[in-house]
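Colleague: Before anything else, here's the structure in question.
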Amino acid sequence: MNDATSYTPPKVWAWNKGNPWQFSATNRPFAGATHEKELPVGRHPFQLYSLATPNGQKVTIMFEELLAAGHSQAEYDAWLIRLNGEQFGSGFTALNPNSKIPALLDRSGPTPFRVFESGSILLHLAEKFGAFLPKGQPQRAECLSWLFWQMGAAPYLGGGFGHFYAYAPVKIEYAIDRYAMEVKRQLDVLDRRLRENEYVAGDDYTIADVAIWPWYGGLAKGLQYGAAEFLNVQEYKHVQRWADAVAARPAVKRGRIVNRTSGDPSQQLRERHDASDFDTRTEDKIAKSA
């Protein structure tokens with residue numbers, strides 16, 4: 001243990017607004033809007049409000065996969081929601097009372113409605129367009145099992161390992177060891193599955209792959225937390241093979257840069273309103289035209 005100090009929990013926990021860590025200004029122990037702000041609305045049937053975190057990438061990859069598969073009615077506007085307090089605006093909390101990205105407004109029918117939680121959005125779109133979700137059993141059950149495996153597993157990777165390894169103001173050996181062990185167990189679960197299957201749910205690419213790749217594929221390829229060496233991700237050979245195969249898909253290449261605000265400017269498309277935006281509206285092209 002390398003904790004600088006010991007901590008005894010009080011009888012009743014109280015929120016310390018001054019807690020000195022990276023996201024303390026935008027985290028709070030209560031829900032609801034902090035300010036009035038309506039959301040913009042574009043011209044397409046689907047309005048997505050998001051950021052290119054792994055959870056956000058799931059949905060933009062799904063939209064791009066649907067469009068690539070010929071589902072022209074899956075056109076969407078992707079609006080940027082920065083996690084600097086924008087997620088607490090009244091318009092966004094009306095779409096997602098949990099104030100987390102992504103959130104979707106489906107305007108494709110007579111009555112618009114909201115869909116929130118990334119797994120729910122993937123399932124909604126797969127069912128709506130009859131794509132990337134097996135219709136028969138047991139393949140459908142297998143796909144949904146892996147989809148919900150990801151939804152249950154990712155908090156250990158993101159809020160657990162990622163937080164304590166990359167973001168916490170002090171390095172706590174116990175916490176890092178606890179979550180590193182669990183993340184490596186999850187990688188082994190995935191590796192064993194992919195040893196026998198081309199894709200996570202079987203022979204075909206599905207929403208299970210769309211959900212899992214931004215988290216575990218990104219980790220395997222060194223795209224998250226700078227932790228590839230620490231976790232020795234190269235030992236998961238089948239995850240590596242699968243991660244490379246998914247990353248090579250043109251729709252994945254497009255979807256993962258939508259609503260991105262950091263890194264290589266050529267890989268940042270902060271808002272997406274038309275397919276041509278990938279060729280004309282990435283940050284490097286905007287800078288050249290300014």
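Chain labels follow the order of the structure tokens: the first chain is A, the next B, and so on; residue numbering restarts at 1 in every chain, and ligands are counted from 1 in their shown order.
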Near Arg241 of chain A, counting only C-alpha atoms, which residues have an atom at most 9 Å away, once you skip same-chain residues fewer than 5 positions from it, shown as a ChimeraX atom specification?
Modeller: /A:194,236,246
Colleague: Just C-alpha atoms for this one: save the residues we selected as a PDB file, in the first residue's frame.
Modeller:
ATOM      1  CA  LEU A 194     -12.502 -14.866 -29.564  1.00  0.00           C
ATOM      2  CA  TYR A 236      -4.352 -11.334 -25.461  1.00  0.00           C
ATOM      3  CA  VAL A 246     -12.896  -4.128 -36.311  1.00  0.00           C
TER       4      VAL A 246
END
Colleague: Write out as number ranges by chain which residues come within 9 Å of Leu66 of chain A when counting only C-alpha atoms, dropping same-chain ones fewer than 3 positions away.
Modeller: A: 61-63, 69-75, 125-126, 129, 131-132, 251
Colleague: Write out as a PyMOL selection string each polymer residue whose atoms come within 10 Å of Asp244 of chain A, counting only C-alpha atoms; drop sequence neighbours fewer than 5 positions from it.
Modeller: chain A and resi 213+217-218+220-221+238-239+249
Colleague: For Ala94 of chain A, which residue among A:Ala33, A:Val189, A:Ala211, A:Leu157 is the nearest when counting only C-alpha atoms?
Modeller: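 Closest residue, counting only C-alpha atoms: A:Ala33.
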Colleague: With distances taken over only C-alpha atoms, which of A:Asp188, A:Phe92, A:Thr111, A:Thr206 is nearest to Ser145 of chain A?
Modeller: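 Result for the nearest residue to Ser145 of chain A: A:Thr206.
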